[in-house]
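I have placed the structure first, in the form of structure tokens, so that the comments after it can refer back to it.
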Amino acid sequence: MTGSNRAAAGYSVVIPTVGRPCLTDCLASLAGSLGPEPREIVLVDDRPQPEPLRGDLPLDALGPLRERAVVVQTGGRGPAGARNAGWRLVTAPWVAFLDDDVRVGARWREALARDLGEADPTVAGVQGVLDIPLPTGRRPTDWERNTAGLARAQWATADMAYRTEALKAVGGFDERFPRAFREDADLALRVLDDGWRIRRGSRLTTHPVRPADRWVSLRMQRGNADDALMLRLHGPTWWQRAAAPKGRIRRHAATAAAGAAALVLAAAGRRRAAALAGAGWLLGTAEFARARIAPGPRTREEVLAMLATSALIPPLAVYHRLAGTLRHRRAAPWDGTAAAAEEQERIPEAVPEVEA
């Protein structure tokens, strides 16, 4: 590892987006923040539509920073691929990654410059502080509590700054992580393994809880496949190294197995054994539902959603874990050089030069 404290040379901002309305607030907050201006702002439009879409991004929300903004389209490669396309185009020694649903603080640019300036040559990344506002006057829902966990997460790219040099050294984000899940932890672990350090800064960013339907927890189970990839790449201790909650996959497996056994035994005419297995499934499901309902608002809608999804989550979680284990059983360490070469062919000269 090599490094030098070049924070004074400036920073660029990379924001992947799928064109959500919240992007306007994100860009407006960046423009209104006090402190040194970014050298570039790279907006990575990752919507899958093939037609040109640059014109409908709210670049005017950047105000005086508008002339520093450039747009690149990546066609739906996911957050990891979108961020790679963004940071590989910047010219600054630091890259500050933001999600398109955050709002940086009023003095965020000033605090970021201080965070980067205080980073010694061994520091590759400086994490921002996330504030997730929760509703007042009632208990948070299951989805709101899940989002609030970002405030305690290590290395969340909702607001994370990395040295460009360190990103080049490890090849950037592993694009085999297709969702905004675990790709940040994977990158950080590879940066640490390369001999760098990562520290927490002082800058504050607000991450509102975005609206979600009652079935969002079912879609979240796809992340179990990403956990399988993490296990393959970083071994069984990656949970501890990343300070990540290990989840309930073993309990889900036991509950799902009991439910499957009950169905098979019932079909075979073994009623007593089927009843015992069914009781095991019911107890496991009830315990899971209670754990999700008890800390919540306990409204009729929330309770019904928790009951329904608590019955469906265990088999879905197990399915995605098994599918991920099979899919990634031969996964090798990420080759960022090959990915960068492919990217040059996909989006040649996608972003014009921007004057600092």
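In the structure tokens, each chain is lettered A, B, ... as it comes, each chain's residues begin at 1, and ligands are numbered from 1 in order of appearance.
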
Write down as a ChimeraX atom specification the residues belonging to region 71-270 of chain A that are assigned helix (DSSP H, G or I) by DSSP computed on the backbone. /A:79-87,108-117,142-152,164-170,183-193,216-234,238-242,249-267

With a distance cut-off of 8 Å and only C-alpha atoms, select the neighbouring residues of Ala61 (chain A), excluding the residue or stretch itself and same-chain residues fewer than 2 positions from it, and output the selection as number ranges by chain. A: 24-25, 27-28, 31, 58-59, 63, 66

Go ahead and save the residues from that selection, with N, CA, C and O atoms, as a PDB file, in the first residue's frame.
ATOM      1  N   THR A  24     -33.752  15.302  -6.269  1.00  0.00           N
ATOM      2  CA  THR A  24     -33.799  16.769  -6.252  1.00  0.00           C
ATOM      3  C   THR A  24     -33.368  17.308  -4.905  1.00  0.00           C
ATOM      4  O   THR A  24     -32.548  18.243  -4.820  1.00  0.00           O
ATOM      5  N   ASP A  25     -33.905  16.746  -3.820  1.00  0.00           N
ATOM      6  CA  ASP A  25     -33.527  17.199  -2.480  1.00  0.00           C
ATOM      7  C   ASP A  25     -32.063  16.913  -2.191  1.00  0.00           C
ATOM      8  O   ASP A  25     -31.382  17.711  -1.532  1.00  0.00           O
ATOM      9  N   LEU A  27     -29.518  16.811  -4.360  1.00  0.00           N
ATOM     10  CA  LEU A  27     -28.678  17.763  -5.067  1.00  0.00           C
ATOM     11  C   LEU A  27     -28.815  19.171  -4.486  1.00  0.00           C
ATOM     12  O   LEU A  27     -27.827  19.904  -4.383  1.00  0.00           O
ATOM     13  N   ALA A  28     -30.033  19.533  -4.097  1.00  0.00           N
ATOM     14  CA  ALA A  28     -30.238  20.865  -3.515  1.00  0.00           C
ATOM     15  C   ALA A  28     -29.487  21.007  -2.199  1.00  0.00           C
ATOM     16  O   ALA A  28     -28.913  22.070  -1.908  1.00  0.00           O
ATOM     17  N   ALA A  31     -25.838  21.525  -2.972  1.00  0.00           N
ATOM     18  CA  ALA A  31     -25.589  22.876  -3.458  1.00  0.00           C
ATOM     19  C   ALA A  31     -25.651  23.903  -2.339  1.00  0.00           C
ATOM     20  O   ALA A  31     -24.894  24.878  -2.334  1.00  0.00           O
ATOM     21  N   PRO A  58     -32.731  16.232 -12.392  1.00  0.00           N
ATOM     22  CA  PRO A  58     -32.912  17.615 -11.902  1.00  0.00           C
ATOM     23  C   PRO A  58     -31.596  18.334 -11.635  1.00  0.00           C
ATOM     24  O   PRO A  58     -31.312  18.763 -10.512  1.00  0.00           O
ATOM     25  N   LEU A  59     -30.785  18.516 -12.662  1.00  0.00           N
ATOM     26  CA  LEU A  59     -29.478  19.127 -12.471  1.00  0.00           C
ATOM     27  C   LEU A  59     -29.569  20.580 -12.034  1.00  0.00           C
ATOM     28  O   LEU A  59     -28.654  21.096 -11.384  1.00  0.00           O
ATOM     29  N   GLY A  63     -27.876  24.396  -8.624  1.00  0.00           N
ATOM     30  CA  GLY A  63     -27.614  25.834  -8.598  1.00  0.00           C
ATOM     31  C   GLY A  63     -26.242  26.166  -9.142  1.00  0.00           C
ATOM     32  O   GLY A  63     -25.894  25.787 -10.270  1.00  0.00           O
ATOM     33  N   ARG A  66     -23.994  23.542 -10.854  1.00  0.00           N
ATOM     34  CA  ARG A  66     -24.499  22.872 -12.063  1.00  0.00           C
ATOM     35  C   ARG A  66     -23.415  22.658 -13.105  1.00  0.00           C
ATOM     36  O   ARG A  66     -23.352  21.598 -13.746  1.00  0.00           O
TER      37      ARG A  66
END

Which residues are close to Asp56 (chain A), i.e. within 12 Å by only C-alpha atoms, leaving aside same-chain residues fewer than 6 positions away? Reply as a PDB file with N, CA, C and O atoms, in the first residue's frame.
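Saved to result.pdb:
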ATOM      1  N   VAL A  18     -31.509   6.122  -9.855  1.00  0.00           N
ATOM      2  CA  VAL A  18     -32.458   5.532 -10.807  1.00  0.00           C
ATOM      3  C   VAL A  18     -33.577   6.539 -11.081  1.00  0.00           C
ATOM      4  O   VAL A  18     -34.679   6.163 -11.458  1.00  0.00           O
ATOM      5  N   GLY A  19     -33.266   7.815 -10.884  1.00  0.00           N
ATOM      6  CA  GLY A  19     -34.208   8.872 -11.226  1.00  0.00           C
ATOM      7  C   GLY A  19     -35.328   9.070 -10.225  1.00  0.00           C
ATOM      8  O   GLY A  19     -36.381   9.604 -10.591  1.00  0.00           O
ATOM      9  N   ARG A  20     -35.123   8.687  -8.969  1.00  0.00           N
ATOM     10  CA  ARG A  20     -36.175   8.879  -7.963  1.00  0.00           C
ATOM     11  C   ARG A  20     -36.356  10.367  -7.656  1.00  0.00           C
ATOM     12  O   ARG A  20     -35.398  11.143  -7.731  1.00  0.00           O
ATOM     13  N   PRO A  21     -37.571  10.778  -7.281  1.00  0.00           N
ATOM     14  CA  PRO A  21     -37.820  12.198  -6.986  1.00  0.00           C
ATOM     15  C   PRO A  21     -36.922  12.753  -5.883  1.00  0.00           C
ATOM     16  O   PRO A  21     -36.628  13.952  -5.872  1.00  0.00           O
ATOM     17  N   LEU A  23     -33.914  12.631  -5.555  1.00  0.00           N
ATOM     18  CA  LEU A  23     -32.640  13.147  -6.059  1.00  0.00           C
ATOM     19  C   LEU A  23     -32.610  14.668  -6.029  1.00  0.00           C
ATOM     20  O   LEU A  23     -31.563  15.267  -5.783  1.00  0.00           O
ATOM     21  N   THR A  24     -33.752  15.302  -6.269  1.00  0.00           N
ATOM     22  CA  THR A  24     -33.799  16.769  -6.252  1.00  0.00           C
ATOM     23  C   THR A  24     -33.368  17.308  -4.905  1.00  0.00           C
ATOM     24  O   THR A  24     -32.548  18.243  -4.820  1.00  0.00           O
ATOM     25  N   ASP A  45     -26.620   7.671 -13.997  1.00  0.00           N
ATOM     26  CA  ASP A  45     -28.004   7.295 -14.284  1.00  0.00           C
ATOM     27  C   ASP A  45     -28.034   5.798 -14.588  1.00  0.00           C
ATOM     28  O   ASP A  45     -27.634   5.358 -15.663  1.00  0.00           O
ATOM     29  N   ARG A  47     -30.699   3.746 -14.706  1.00  0.00           N
ATOM     30  CA  ARG A  47     -31.973   3.191 -15.155  1.00  0.00           C
ATOM     31  C   ARG A  47     -31.758   2.286 -16.360  1.00  0.00           C
ATOM     32  O   ARG A  47     -30.908   2.568 -17.206  1.00  0.00           O
ATOM     33  N   VAL A  71     -23.062  13.634 -16.328  1.00  0.00           N
ATOM     34  CA  VAL A  71     -23.949  12.476 -16.218  1.00  0.00           C
ATOM     35  C   VAL A  71     -23.397  11.340 -17.066  1.00  0.00           C
ATOM     36  O   VAL A  71     -22.938  11.566 -18.193  1.00  0.00           O
TER      37      VAL A  71
END

To one decimal place, how far is CA of Thr74 (chain A) from CA of Pro178 (chain A) in Å?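 We find that CA of Thr74 (chain A) and CA of Pro178 (chain A) lie 13.3 Å from each other.
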
Ala244 (chain A) environment, 8 Å, only C-alpha atoms, sequence neighbours closer than 4 positions dropped, as number ranges by chain: A: 153-154, 239-240

What would the file look like if the residues just selected were written as an mmCIF file, in the first residue's frame with all heavy atoms?
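Produced file result.cif, reproduced below:
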data_model
loop_
_atom_site.group_PDB
_atom_site.id
_atom_site.type_symbol
_atom_site.label_atom_id
_atom_site.label_comp_id
_atom_site.auth_asym_id
_atom_site.auth_seq_id
_atom_site.Cartn_x
_atom_site.Cartn_y
_atom_site.Cartn_z
ATOM 1 N N ALA A 153 -24.482 1.082 10.954
ATOM 2 C CA ALA A 153 -23.760 0.233 10.011
ATOM 3 C C ALA A 153 -22.344 0.734 9.774
ATOM 4 O O ALA A 153 -22.070 1.939 9.795
ATOM 5 C CB ALA A 153 -24.517 0.172 8.680
ATOM 6 N N GLN A 154 -21.460 -0.200 9.533
ATOM 7 C CA GLN A 154 -20.095 0.132 9.169
ATOM 8 C C GLN A 154 -20.022 0.430 7.668
ATOM 9 O O GLN A 154 -20.553 -0.318 6.858
ATOM 10 C CB GLN A 154 -19.166 -1.062 9.461
ATOM 11 C CG GLN A 154 -18.999 -1.376 10.946
ATOM 12 C CD GLN A 154 -17.781 -0.676 11.516
ATOM 13 O OE1 GLN A 154 -17.605 0.532 11.340
ATOM 14 N NE2 GLN A 154 -16.949 -1.425 12.210
ATOM 15 N N TRP A 239 -18.699 -11.628 9.449
ATOM 16 C CA TRP A 239 -19.718 -10.959 10.269
ATOM 17 C C TRP A 239 -19.070 -10.117 11.370
ATOM 18 O O TRP A 239 -19.422 -8.947 11.569
ATOM 19 C CB TRP A 239 -20.627 -11.999 10.928
ATOM 20 C CG TRP A 239 -21.319 -12.941 10.007
ATOM 21 C CD1 TRP A 239 -20.893 -14.182 9.625
ATOM 22 C CD2 TRP A 239 -22.568 -12.723 9.352
ATOM 23 N NE1 TRP A 239 -21.802 -14.748 8.771
ATOM 24 C CE2 TRP A 239 -22.838 -13.891 8.587
ATOM 25 C CE3 TRP A 239 -23.490 -11.681 9.340
ATOM 26 C CZ2 TRP A 239 -23.990 -14.026 7.826
ATOM 27 C CZ3 TRP A 239 -24.632 -11.808 8.580
ATOM 28 C CH2 TRP A 239 -24.872 -12.966 7.831
ATOM 29 N N GLN A 240 -18.123 -10.753 12.079
ATOM 30 C CA GLN A 240 -17.464 -10.039 13.165
ATOM 31 C C GLN A 240 -16.622 -8.882 12.643
ATOM 32 O O GLN A 240 -16.600 -7.788 13.220
ATOM 33 C CB GLN A 240 -16.583 -11.010 13.959
ATOM 34 C CG GLN A 240 -17.360 -12.046 14.760
ATOM 35 C CD GLN A 240 -17.662 -13.300 13.943
ATOM 36 O OE1 GLN A 240 -17.491 -13.321 12.717
ATOM 37 N NE2 GLN A 240 -18.117 -14.342 14.612
#

Taking only C-alpha atoms into account, produce a table as JSON lines in which each residue of region 77-115 of chain A with an atom at most 12 Å from an atom of region 121-132 of chain A appears once, together with its shortest atom pair and the distance in Å to one decimal, ordered by chain and rising number.
{"residue": "A:Pro93", "atom": "CA", "partner": "A:Ala124", "partner_atom": "CA", "distance": 10.6}
{"residue": "A:Trp94", "atom": "CA", "partner": "A:Gly125", "partner_atom": "CA", "distance": 8.8}
{"residue": "A:Val95", "atom": "CA", "partner": "A:Gly125", "partner_atom": "CA", "distance": 9.3}
{"residue": "A:Ala96", "atom": "CA", "partner": "A:Val126", "partner_atom": "CA", "distance": 9.0}
{"residue": "A:Phe97", "atom": "CA", "partner": "A:Gln127", "partner_atom": "CA", "distance": 9.8}
{"residue": "A:Leu98", "atom": "CA", "partner": "A:Gly128", "partner_atom": "CA", "distance": 9.9}
{"residue": "A:Asp99", "atom": "CA", "partner": "A:Leu130", "partner_atom": "CA", "distance": 11.6}
{"residue": "A:Asp101", "atom": "CA", "partner": "A:Ile132", "partner_atom": "CA", "distance": 11.4}
{"residue": "A:Val102", "atom": "CA", "partner": "A:Leu130", "partner_atom": "CA", "distance": 9.1}
{"residue": "A:Arg103", "atom": "CA", "partner": "A:Asp131", "partner_atom": "CA", "distance": 9.8}
{"residue": "A:Val104", "atom": "CA", "partner": "A:Leu130", "partner_atom": "CA", "distance": 9.3}
{"residue": "A:Gly105", "atom": "CA", "partner": "A:Asp131", "partner_atom": "CA", "distance": 10.0}
{"residue": "A:Trp108", "atom": "CA", "partner": "A:Gly128", "partner_atom": "CA", "distance": 9.5}
{"residue": "A:Arg109", "atom": "CA", "partner": "A:Gly128", "partner_atom": "CA", "distance": 11.4}
{"residue": "A:Ala111", "atom": "CA", "partner": "A:Gly128", "partner_atom": "CA", "distance": 9.5}
{"residue": "A:Leu112", "atom": "CA", "partner": "A:Gly128", "partner_atom": "CA", "distance": 8.3}
{"residue": "A:Ala113", "atom": "CA", "partner": "A:Val126", "partner_atom": "CA", "distance": 10.8}
{"residue": "A:Arg114", "atom": "CA", "partner": "A:Val126", "partner_atom": "CA", "distance": 10.7}
{"residue": "A:Asp115", "atom": "CA", "partner": "A:Val126", "partner_atom": "CA", "distance": 6.9}

Quick one: everything within 12 Å of Ile198 (chain A), counting only C-alpha atoms, minus sequence neighbours fewer than 2 positions away in the same chain. Send it as a PyMOL selection string. chain A and resi 115-116+119-128+154-156+160-163+166+185+187-196+200-201+242

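Minimum atom-to-atom distances from A:Leu233, A:Ala253, A:Val90, A:Leu316 to Glu165 (chain A) were compared using only C-alpha atoms, and the lowest value belongs to A:Val90.
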
For Thr299 (chain A), please output as an MDAnalysis selection string all residues within 12 Å (counting only C-alpha atoms; exclusion window: fewer than 4 positions along the same chain). chainID A and resid 138:142 293:295 303:306

Exercise: Ala180 (chain A) partners within 10 Å, only C-alpha atoms, chain neighbours under 4 positions left out, as a list in words: Gly78, Pro79, Ala80, Asp99, Ala156, Thr157, Ala158, Asp184 and Gly223 of chain A

Could you please determine the separation between CA of Gly35 (chain A) and CA of Ala148 (chain A) in Å, to one decimal place? 27.7 Å

All strand (DSSP E or B) positions in region 73-221 of chain A, as a ChimeraX atom specification: /A:73,94-98,103-104,123-131,159-163,197-206

What separation in Å, quoted to one decimal, exists between CA of Ala277 (chain A) and CA of Ala262 (chain A)?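 According to the coordinates, CA of Ala277 (chain A) and CA of Ala262 (chain A) are separated by 4.9 Å.
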
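Minimum atom-to-atom distances from A:Arg219, A:His320, A:Arg292, A:Arg39 to Leu307 (chain A) were compared using only C-alpha atoms, and the lowest value belongs to A:Arg292.
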